[in-house]
file work-v4.cif (mmCIF, C-alpha atoms (C1' of nucleotides))
data_start
loop_
_atom_site.group_PDB
_atom_site.id
_atom_site.type_symbol
_atom_site.label_atom_id
_atom_site.label_comp_id
_atom_site.auth_asym_id
_atom_site.auth_seq_id
_atom_site.Cartn_x
_atom_site.Cartn_y
_atom_site.Cartn_z
ATOM 1 C CA MET B 1 89.209 53.025 -22.014
ATOM 2 C CA LYS B 2 86.416 53.126 -19.532
ATOM 3 C CA LYS B 3 83.335 51.201 -20.339
ATOM 4 C CA GLU B 4 80.636 53.695 -19.499
ATOM 5 C CA LEU B 5 78.571 55.404 -22.154
ATOM 6 C CA ASP B 6 77.556 58.424 -20.095
ATOM 7 C CA LEU B 7 76.470 60.779 -22.792
ATOM 8 C CA LYS B 8 73.701 63.245 -22.703
ATOM 9 C CA ALA B 9 73.137 62.755 -26.406
ATOM 10 C CA ILE B 10 71.755 59.287 -25.812
ATOM 11 C CA GLN B 11 69.644 60.338 -22.872
ATOM 12 C CA ASP B 12 66.528 60.442 -25.013
ATOM 13 C CA CYS B 13 66.974 56.764 -25.906
ATOM 14 C CA PRO B 14 65.548 54.424 -23.303
ATOM 15 C CA ASN B 15 68.374 53.658 -20.932
ATOM 16 C CA SER B 16 67.907 49.927 -21.396
ATOM 17 C CA PHE B 17 68.928 50.339 -25.035
ATOM 18 C CA VAL B 18 72.190 51.935 -24.027
ATOM 19 C CA VAL B 19 72.805 49.158 -21.545
ATOM 20 C CA ALA B 20 72.040 46.583 -24.210
ATOM 21 C CA VAL B 21 74.531 48.050 -26.671
ATOM 22 C CA ASN B 22 77.056 48.223 -23.881
ATOM 23 C CA ASP B 23 76.537 44.546 -23.068
ATOM 24 C CA ALA B 24 77.080 43.635 -26.688
ATOM 25 C CA MET B 25 80.207 45.747 -26.952
ATOM 26 C CA ASN B 26 81.689 44.146 -23.842
ATOM 27 C CA VAL B 27 81.466 40.791 -25.527
ATOM 28 C CA LEU B 28 83.033 41.936 -28.770
ATOM 29 C CA THR B 29 85.853 44.318 -27.867
ATOM 30 C CA GLY B 30 89.434 43.377 -27.218
ATOM 31 C CA LYS B 31 91.901 41.627 -29.403
ATOM 32 C CA TRP B 32 91.038 38.030 -28.567
ATOM 33 C CA LYS B 33 87.310 37.649 -27.875
ATOM 34 C CA LEU B 34 86.329 37.085 -31.487
ATOM 35 C CA PRO B 35 89.084 34.549 -32.143
ATOM 36 C CA ILE B 36 88.075 32.691 -28.995
ATOM 37 C CA MET B 37 84.427 32.666 -29.979
ATOM 38 C CA ALA B 38 85.384 31.525 -33.461
ATOM 39 C CA SER B 39 87.187 28.617 -31.884
ATOM 40 C CA LEU B 40 84.104 27.665 -29.862
ATOM 41 C CA ILE B 41 81.613 28.024 -32.667
ATOM 42 C CA PHE B 42 81.785 24.391 -33.786
ATOM 43 C CA GLY B 43 81.571 22.933 -30.308
ATOM 44 C CA LYS B 44 83.251 22.405 -26.958
ATOM 45 C CA ARG B 45 86.927 23.073 -26.599
ATOM 46 C CA ARG B 46 89.548 22.618 -23.908
ATOM 47 C CA PHE B 47 91.979 25.322 -22.823
ATOM 48 C CA LYS B 48 94.966 23.950 -24.693
ATOM 49 C CA GLU B 49 92.890 23.283 -27.773
ATOM 50 C CA ILE B 50 91.825 26.902 -27.991
ATOM 51 C CA GLU B 51 95.383 28.004 -27.293
ATOM 52 C CA ARG B 52 96.638 25.908 -30.190
ATOM 53 C CA GLU B 53 93.959 27.176 -32.557
ATOM 54 C CA ILE B 54 94.772 30.811 -31.942
ATOM 55 C CA PRO B 55 98.316 31.643 -33.013
ATOM 56 C CA LYS B 56 100.188 33.985 -30.691
ATOM 57 C CA ILE B 57 97.692 34.150 -27.862
ATOM 58 C CA THR B 58 99.338 33.792 -24.458
ATOM 59 C CA PRO B 59 97.800 31.614 -21.732
ATOM 60 C CA ARG B 60 97.479 34.747 -19.626
ATOM 61 C CA MET B 61 95.235 36.458 -22.158
ATOM 62 C CA LEU B 62 93.294 33.312 -22.945
ATOM 63 C CA SER B 63 92.628 32.746 -19.256
ATOM 64 C CA LYS B 64 91.635 36.357 -18.718
ATOM 65 C CA GLU B 65 89.259 36.491 -21.658
ATOM 66 C CA LEU B 66 87.647 33.134 -20.907
ATOM 67 C CA LYS B 67 86.926 34.341 -17.375
ATOM 68 C CA GLU B 68 85.397 37.529 -18.678
ATOM 69 C CA LEU B 69 83.258 35.728 -21.236
ATOM 70 C CA GLU B 70 82.096 33.321 -18.548
ATOM 71 C CA LEU B 71 81.248 36.167 -16.190
ATOM 72 C CA ASN B 72 79.230 37.807 -18.930
ATOM 73 C CA GLY B 73 77.245 34.636 -19.510
ATOM 74 C CA ILE B 74 78.611 34.021 -22.985
ATOM 75 C CA ILE B 75 80.404 30.766 -22.322
ATOM 76 C CA LYS B 76 80.120 27.987 -19.782
ATOM 77 C CA ARG B 77 83.085 26.287 -18.092
ATOM 78 C CA THR B 78 82.595 22.674 -17.128
ATOM 79 C CA VAL B 79 84.910 20.617 -14.926
ATOM 80 C CA HIS B 80 84.633 16.892 -15.624
ATOM 81 C CA ASP B 81 85.856 14.739 -12.771
ATOM 82 C CA THR B 82 88.003 12.478 -14.815
ATOM 83 C CA ILE B 83 91.490 11.801 -13.528
ATOM 84 C CA PRO B 84 93.035 14.208 -14.059
ATOM 85 C CA VAL B 85 90.169 16.648 -14.362
ATOM 86 C CA THR B 86 89.368 17.894 -17.847
ATOM 87 C CA ILE B 87 87.847 21.261 -18.416
ATOM 88 C CA GLU B 88 85.639 22.246 -21.285
ATOM 89 C CA TYR B 89 84.421 25.573 -22.541
ATOM 90 C CA GLU B 90 81.332 26.046 -24.672
ATOM 91 C CA PHE B 91 78.843 28.714 -25.659
ATOM 92 C CA THR B 92 75.708 29.427 -23.678
ATOM 93 C CA SER B 93 72.669 29.909 -25.912
ATOM 94 C CA SER B 94 72.959 33.647 -25.416
ATOM 95 C CA GLY B 95 76.572 33.384 -26.432
ATOM 96 C CA ARG B 96 75.759 31.481 -29.568
ATOM 97 C CA ASN B 97 73.218 34.146 -30.515
ATOM 98 C CA ILE B 98 75.847 36.872 -30.634
ATOM 99 C CA LYS B 99 76.327 35.563 -34.140
ATOM 100 C CA THR B 100 73.278 37.581 -35.193
ATOM 101 C CA VAL B 101 75.199 40.724 -34.287
ATOM 102 C CA LEU B 102 78.229 39.546 -36.225
ATOM 103 C CA ASP B 103 75.981 38.808 -39.191
ATOM 104 C CA SER B 104 74.680 42.364 -39.190
ATOM 105 C CA MET B 105 78.256 43.601 -39.033
ATOM 106 C CA VAL B 106 79.203 41.509 -42.029
ATOM 107 C CA GLU B 107 76.228 42.793 -43.959
ATOM 108 C CA TRP B 108 76.995 46.406 -43.093
ATOM 109 C CA GLY B 109 80.716 45.981 -43.686
ATOM 110 C CA LEU B 110 80.328 44.506 -47.154
ATOM 111 C CA GLU B 111 77.870 47.199 -48.184
ATOM 112 C CA HIS B 112 80.141 49.867 -46.718
ATOM 113 C CA ARG B 113 83.135 48.725 -48.767
ATOM 114 C CA LYS B 114 81.013 48.873 -51.894
ATOM 115 C CA ASN B 115 80.054 52.471 -51.146
ATOM 116 C CA ILE B 116 83.626 53.468 -50.429
ATOM 117 C CA PHE B 117 84.884 52.194 -53.757
ATOM 118 C CA LYS B 118 82.057 53.786 -55.673
ATOM 119 C CA ARG B 119 83.213 57.255 -54.695
ATOM 120 C CA ALA B 120 86.994 56.637 -54.536
ATOM 121 C CA MET G 121 95.328 46.677 -28.785
ATOM 122 C CA LYS G 122 96.227 45.872 -32.325
ATOM 123 C CA LYS G 123 93.459 45.869 -34.833
ATOM 124 C CA GLU G 124 94.210 42.712 -36.758
ATOM 125 C CA LEU G 125 92.122 39.598 -36.451
ATOM 126 C CA ASP G 126 94.780 37.130 -37.583
ATOM 127 C CA LEU G 127 93.325 33.915 -36.331
ATOM 128 C CA LYS G 128 93.529 30.571 -37.907
ATOM 129 C CA ALA G 129 90.124 29.699 -36.497
ATOM 130 C CA ILE G 130 88.419 32.106 -38.828
ATOM 131 C CA GLN G 131 90.428 31.070 -41.842
ATOM 132 C CA ASP G 132 87.613 28.896 -43.083
ATOM 133 C CA CYS G 133 85.296 31.910 -43.176
ATOM 134 C CA PRO G 134 85.677 33.936 -46.336
ATOM 135 C CA ASN G 135 88.320 36.555 -45.633
ATOM 136 C CA SER G 136 85.981 39.329 -46.728
ATOM 137 C CA PHE G 137 83.699 38.491 -43.800
ATOM 138 C CA VAL G 138 86.527 38.990 -41.347
ATOM 139 C CA VAL G 139 87.402 42.277 -42.989
ATOM 140 C CA ALA G 140 83.774 43.358 -42.824
ATOM 141 C CA VAL G 141 83.486 42.636 -39.109
ATOM 142 C CA ASN G 142 86.755 44.460 -38.613
ATOM 143 C CA ASP G 143 85.454 47.501 -40.453
ATOM 144 C CA ALA G 144 82.369 47.549 -38.285
ATOM 145 C CA MET G 145 84.370 47.188 -35.102
ATOM 146 C CA ASN G 146 86.650 50.076 -36.061
ATOM 147 C CA VAL G 147 83.636 52.327 -36.228
ATOM 148 C CA LEU G 148 82.228 51.230 -32.884
ATOM 149 C CA THR G 149 85.170 50.845 -30.508
ATOM 150 C CA GLY G 150 86.610 53.520 -28.287
ATOM 151 C CA LYS G 151 85.001 55.581 -25.619
ATOM 152 C CA TRP G 152 83.617 58.409 -27.737
ATOM 153 C CA LYS G 153 82.549 57.122 -31.172
ATOM 154 C CA LEU G 154 79.046 56.131 -30.112
ATOM 155 C CA PRO G 155 78.393 59.401 -28.268
ATOM 156 C CA ILE G 156 79.601 61.315 -31.301
ATOM 157 C CA MET G 157 77.401 59.312 -33.642
ATOM 158 C CA ALA G 158 74.473 59.786 -31.287
ATOM 159 C CA SER G 159 75.028 63.511 -31.541
ATOM 160 C CA LEU G 160 74.987 63.376 -35.336
ATOM 161 C CA ILE G 161 71.985 61.134 -35.677
ATOM 162 C CA PHE G 162 69.435 63.941 -35.910
ATOM 163 C CA GLY G 163 71.411 66.009 -38.387
ATOM 164 C CA LYS G 164 74.456 68.137 -39.073
ATOM 165 C CA ARG G 165 76.477 69.435 -36.170
ATOM 166 C CA ARG G 166 79.380 71.811 -35.709
ATOM 167 C CA PHE G 167 82.461 71.023 -33.652
ATOM 168 C CA LYS G 168 81.487 73.077 -30.628
ATOM 169 C CA GLU G 169 77.919 71.799 -30.750
ATOM 170 C CA ILE G 170 79.078 68.211 -30.495
ATOM 171 C CA GLU G 171 81.513 69.190 -27.777
ATOM 172 C CA ARG G 172 78.697 70.750 -25.748
ATOM 173 C CA GLU G 173 76.414 67.763 -26.223
ATOM 174 C CA ILE G 174 78.947 65.293 -24.921
ATOM 175 C CA PRO G 175 79.859 66.013 -21.323
ATOM 176 C CA LYS G 176 83.540 65.583 -20.483
ATOM 177 C CA ILE G 177 84.893 65.031 -23.961
ATOM 178 C CA THR G 178 88.043 67.032 -24.624
ATOM 179 C CA PRO G 179 88.547 68.846 -27.937
ATOM 180 C CA ARG G 180 91.585 66.668 -28.472
ATOM 181 C CA MET G 181 89.549 63.463 -28.403
ATOM 182 C CA LEU G 182 86.685 64.942 -30.369
ATOM 183 C CA SER G 183 89.069 66.089 -33.067
ATOM 184 C CA LYS G 184 90.829 62.740 -33.150
ATOM 185 C CA GLU G 185 87.660 60.695 -33.378
ATOM 186 C CA LEU G 186 86.035 62.926 -35.985
ATOM 187 C CA LYS G 187 89.124 62.524 -38.160
ATOM 188 C CA GLU G 188 89.024 58.787 -37.767
ATOM 189 C CA LEU G 189 85.324 58.578 -38.546
ATOM 190 C CA GLU G 190 85.852 60.746 -41.597
ATOM 191 C CA LEU G 191 88.741 58.601 -42.786
ATOM 192 C CA ASN G 192 86.591 55.531 -42.421
ATOM 193 C CA GLY G 193 83.851 57.066 -44.543
ATOM 194 C CA ILE G 194 81.336 57.299 -41.719
ATOM 195 C CA ILE G 195 81.004 61.056 -41.559
ATOM 196 C CA LYS G 196 81.579 63.921 -43.954
ATOM 197 C CA ARG G 197 83.256 67.213 -43.015
ATOM 198 C CA THR G 198 82.090 70.265 -44.931
ATOM 199 C CA VAL G 199 83.729 73.685 -44.896
ATOM 200 C CA HIS G 200 81.289 76.468 -45.735
ATOM 201 C CA ASP G 201 82.984 79.621 -46.953
ATOM 202 C CA THR G 202 81.165 81.999 -44.739
ATOM 203 C CA ILE G 203 83.238 84.573 -42.890
ATOM 204 C CA PRO G 204 84.571 83.163 -40.717
ATOM 205 C CA VAL G 205 84.343 79.659 -42.164
ATOM 206 C CA THR G 206 81.887 77.307 -40.509
ATOM 207 C CA ILE G 207 82.439 73.605 -40.461
ATOM 208 C CA GLU G 208 79.775 70.944 -40.323
ATOM 209 C CA TYR G 209 79.904 67.248 -39.698
ATOM 210 C CA GLU G 210 77.258 64.808 -40.821
ATOM 211 C CA PHE G 211 76.795 61.123 -41.512
ATOM 212 C CA THR G 212 77.470 59.567 -44.880
ATOM 213 C CA SER G 213 74.774 57.136 -45.934
ATOM 214 C CA SER G 214 77.052 54.254 -44.938
ATOM 215 C CA GLY G 215 77.513 55.944 -41.611
ATOM 216 C CA ARG G 216 73.825 56.279 -41.021
ATOM 217 C CA ASN G 217 73.348 52.611 -41.796
ATOM 218 C CA ILE G 218 75.565 51.530 -38.920
ATOM 219 C CA LYS G 219 72.350 51.924 -36.972
ATOM 220 C CA THR G 220 71.301 48.495 -38.270
ATOM 221 C CA VAL G 221 74.246 47.026 -36.375
ATOM 222 C CA LEU G 222 73.318 48.923 -33.234
ATOM 223 C CA ASP G 223 69.751 47.680 -33.592
ATOM 224 C CA SER G 224 70.926 44.080 -33.662
ATOM 225 C CA MET G 225 73.030 44.777 -30.581
ATOM 226 C CA VAL G 226 70.030 46.156 -28.745
ATOM 227 C CA GLU G 227 67.970 43.149 -29.709
ATOM 228 C CA TRP G 228 70.653 40.722 -28.595
ATOM 229 C CA GLY G 229 71.424 42.679 -25.444
ATOM 230 C CA LEU G 230 67.831 42.779 -24.245
ATOM 231 C CA GLU G 231 67.353 39.084 -24.919
ATOM 232 C CA HIS G 232 70.663 38.308 -23.198
ATOM 233 C CA ARG G 233 69.627 40.141 -20.005
ATOM 234 C CA LYS G 234 66.396 38.155 -19.928
ATOM 235 C CA ASN G 235 68.359 34.892 -20.141
ATOM 236 C CA ILE G 236 70.770 35.939 -17.436
ATOM 237 C CA PHE G 237 68.010 36.682 -14.953
ATOM 238 C CA LYS G 238 66.172 33.463 -15.733
ATOM 239 C CA ARG G 239 69.059 31.383 -14.407
ATOM 240 C CA ALA G 240 70.354 33.747 -11.723
ATOM 241 C "C1'" DG N 241 112.927 8.852 -12.550
ATOM 242 C "C1'" DA N 242 113.082 12.377 -16.321
ATOM 243 C "C1'" DT N 243 109.974 14.429 -19.639
ATOM 244 C "C1'" DA N 244 105.802 16.126 -21.361
ATOM 245 C "C1'" DG N 245 100.929 17.525 -21.221
ATOM 246 C "C1'" DC N 246 97.182 19.842 -18.762
ATOM 247 C "C1'" DA N 247 95.117 24.178 -16.891
ATOM 248 C "C1'" DG N 248 96.411 27.666 -15.742
ATOM 249 C "C1'" DT N 249 99.168 31.830 -12.390
ATOM 250 C "C1'" DA N 250 102.941 35.472 -11.339
ATOM 251 C "C1'" DT N 251 105.792 39.248 -12.367
ATOM 252 C "C1'" DA N 252 107.511 42.666 -15.093
ATOM 253 C "C1'" DC N 253 107.160 45.132 -19.047
ATOM 254 C "C1'" DT N 254 105.490 47.775 -23.573
ATOM 255 C "C1'" DT N 255 101.925 49.740 -26.305
ATOM 256 C "C1'" DT N 256 97.634 51.856 -26.904
ATOM 257 C "C1'" DT N 257 94.106 54.673 -25.411
ATOM 258 C "C1'" DG N 258 92.356 58.446 -23.006
ATOM 259 C "C1'" DT N 259 93.007 62.838 -19.815
ATOM 260 C "C1'" DA N 260 94.576 67.510 -18.352
ATOM 261 C "C1'" DT N 261 95.912 71.878 -19.372
ATOM 262 C "C1'" DA N 262 97.280 75.369 -22.056
ATOM 263 C "C1'" DC N 263 97.419 77.583 -26.168
ATOM 264 C "C1'" DC N 264 96.838 79.281 -31.491
ATOM 265 C "C1'" DG N 265 94.936 82.528 -35.157
ATOM 266 C "C1'" DC N 266 90.793 84.181 -36.515
ATOM 267 C "C1'" DT N 267 86.350 87.051 -35.941
ATOM 268 C "C1'" DT N 268 82.455 88.933 -33.583
ATOM 269 C "C1'" DT N 269 80.368 91.031 -29.679
ATOM 270 C "C1'" DT N 270 80.543 94.192 -25.564
ATOM 271 C "C1'" DA C 271 90.322 97.594 -26.596
ATOM 272 C "C1'" DA C 272 88.959 93.429 -23.956
ATOM 273 C "C1'" DA C 273 86.425 89.265 -23.855
ATOM 274 C "C1'" DA C 274 84.380 85.441 -25.904
ATOM 275 C "C1'" DG C 275 83.312 82.141 -29.609
ATOM 276 C "C1'" DC C 276 85.069 79.278 -33.369
ATOM 277 C "C1'" DG C 277 87.838 75.070 -34.787
ATOM 278 C "C1'" DG C 278 90.938 73.158 -33.453
ATOM 279 C "C1'" DT C 279 96.647 71.868 -31.960
ATOM 280 C "C1'" DA C 280 100.678 70.871 -28.530
ATOM 281 C "C1'" DT C 281 102.661 68.818 -24.661
ATOM 282 C "C1'" DA C 282 102.775 66.026 -20.867
ATOM 283 C "C1'" DC C 283 100.805 62.620 -18.307
ATOM 284 C "C1'" DA C 284 97.801 58.543 -16.379
ATOM 285 C "C1'" DA C 285 95.317 54.444 -17.085
ATOM 286 C "C1'" DA C 286 93.971 50.413 -19.645
ATOM 287 C "C1'" DA C 287 95.059 46.695 -22.581
ATOM 288 C "C1'" DG C 288 98.224 43.468 -24.236
ATOM 289 C "C1'" DT C 289 103.075 40.903 -24.313
ATOM 290 C "C1'" DA C 290 107.068 38.127 -22.651
ATOM 291 C "C1'" DT C 291 108.858 34.843 -19.863
ATOM 292 C "C1'" DA C 292 108.941 31.960 -16.344
ATOM 293 C "C1'" DC C 293 106.782 29.007 -13.250
ATOM 294 C "C1'" DT C 294 103.198 26.013 -10.460
ATOM 295 C "C1'" DG C 295 101.000 21.419 -9.023
ATOM 296 C "C1'" DC C 296 99.047 17.685 -11.013
ATOM 297 C "C1'" DT C 297 99.208 13.170 -13.867
ATOM 298 C "C1'" DA C 298 100.797 10.113 -17.513
ATOM 299 C "C1'" DT C 299 103.991 8.321 -20.448
ATOM 300 C "C1'" DC C 300 108.849 6.980 -22.020
#
call {"tool": "encode", "arguments": {"input": "work-v4.cif", "output": "structure tokens"}}
result
Amino acid sequence: MKKELDLKAIQDCPNSFVVAVNDAMNVLTGKWKLPIMASLIFGKRRFKEIEREIPKITPRMLSKELKELELNGIIKRTVHDTIPVTIEYEFTSSGRNIKTVLDSMVEWGLEHRKNIFKRA
Amino acid sequence: MKKELDLKAIQDCPNSFVVAVNDAMNVLTGKWKLPIMASLIFGKRRFKEIEREIPKITPRMLSKELKELELNGIIKRTVHDTIPVTIEYEFTSSGRNIKTVLDSMVEWGLEHRKNIFKRA
DNA sequence: GATAGCAGTATACTTTTGTATACCGCTTTT
DNA sequence: AAAAGCGGTATACAAAAGTATACTGCTATC
């Protein structure tokens, strides 16, 4: 699945809005991003800690997703020069704010289920 | 990509919240769902109309996504018994409300870009 | 000195998602 | 009677996303 949203139908929306939605989607899609963010929500975590908290994730996927989240400015990776080095991941403030999007999803989702059952 | 969110880390959140986020994600992910919804936002549309409004979508994908959106209670498919039959797609009220989620994404996305450039 | 933990990487593979191309039965227009 | 529009389906294929399994160099403990 390519990540563009090149549709004429949205051309009348300001392009920055499309970009903004795209940015948000990039942070939310994929099987493991939400679990990883859930693991970080109460504070800093190390690689192995996250791995243990998320059943069935492989180190390959965890590594890949952490890199992507870091690149997108959602999390910050810090290397502490202890011996041996310890590495910690934590949200950026932008990253922490993605919760507002999740909140709106929860609100919509709950309401949606109510509507579904009304007519079923 | 499997669609479960079976993570221990979210187990302390009420399960209904996880389900709700999942429901919202199902409506938003994939390359064509947003374009299709954008096409429906100003009113009813017929299959070929949507197809024309979205450059490069194949009828196969359009058909597949419309079915999925209908199954998820986002859009409604109506068969009018004209001769020949005409078929119209439109949002359900739940479907229309997904815009609140998109709005929160726009808000977050714009703010996020501002933060990124501040530190870059 | 073997074993285990840390923070990952490498390689090969399967599954899911999306594309390309052609076609169907029906009706209206030319 | 041929061509084009409607609302799709069928088949085959390519690309993206995710899995399985093994391994690396480092340190610290048993």
call {"tool": "interface_residues", "arguments": {"input": "work-v4.cif", "of": "chain G", "to": "chain B", "cutoff": "7 Å", "atoms": "all atoms listed in the file", "output": "PyMOL selection string"}}
result
chain G and resi 121-122+127-130+137+140-141+143-144+150-151+155+158-159+173-175+193+214+218+221-222+224-226+228-230+232+236
call {"tool": "resolve_selection", "arguments": {"input": "work-v4.cif", "expression": "the PyMOL selection byres ((chain C and resi 280) around 12)", "output": "VMD selection string"}}
result
(chain G and resid 180) or (chain N and resid 261 to 264) or (chain C and resid 278 to 279 281 to 282)
call {"tool": "resolve_selection", "arguments": {"input": "work-v4.cif", "expression": "the PyMOL selection byres ((chain N and resi 269) around 10)", "output": "NGL selection string"}}
result
(:N and (267-268 or 270)) or (:C and (273-275))
call {"tool": "atom_distance", "arguments": {"input": "work-v4.cif", "atom1": "C1' of DA244 in chain N", "atom2": "CA of Ile75 in chain B"}}
result
29.3 Å
call {"tool": "interface_residues", "arguments": {"input": "work-v4.cif", "of": "chain N", "to": "chain B", "cutoff": "9 Å", "atoms": "all atoms listed in the file", "output": "list in words"}}
result
DC246, DA247, DG248, DT249, DT257 and DG258 of chain N
call {"tool": "resolve_selection", "arguments": {"input": "work-v4.cif", "expression": "the PyMOL selection byres ((chain C) within 8 of (chain G))", "output": "PyMOL selection string"}}
result
chain C and resi 276-278+287-288
call {"tool": "atom_distance", "arguments": {"input": "work-v4.cif", "atom1": "C1' of DA242 in chain N", "atom2": "C1' of DC293 in chain C"}}
result
18.0 Å
call {"tool": "residues_around", "arguments": {"input": "work-v4.cif", "residues": "DT289 in chain C", "least_positions_apart": "2", "cutoff": "9 Å", "atoms": "all atoms listed in the file", "output": "list in words"}}
result
Thr58 of chain B; DC253 and DT254 of chain N
call {"tool": "write_last_selection", "arguments": {"input": "work-v4.cif", "atoms": "C-alpha atoms (C1' of nucleotides)", "output": "mmCIF file, keeping the file's coordinate frame"}}
result
data_model
loop_
_atom_site.group_PDB
_atom_site.id
_atom_site.type_symbol
_atom_site.label_atom_id
_atom_site.label_comp_id
_atom_site.auth_asym_id
_atom_site.auth_seq_id
_atom_site.Cartn_x
_atom_site.Cartn_y
_atom_site.Cartn_z
ATOM 1 C CA THR B 58 99.338 33.792 -24.458
ATOM 2 C "C1'" DC N 253 107.160 45.132 -19.047
ATOM 3 C "C1'" DT N 254 105.490 47.775 -23.573
#
call {"tool": "atom_distance", "arguments": {"input": "work-v4.cif", "atom1": "CA of Pro134 in chain G", "atom2": "CA of Glu90 in chain B"}}
result
23.5 Å
call {"tool": "axis_aligned_box", "arguments": {"input": "work-v4.cif", "around": "range 230-240 of chain G", "padding_each_side": "6 Å", "output": "AutoDock Vina command-line options"}}
result
--center_x 68.5 --center_y 37.1 --center_z -18.3 --size_x 16.6 --size_y 23.4 --size_z 25.2
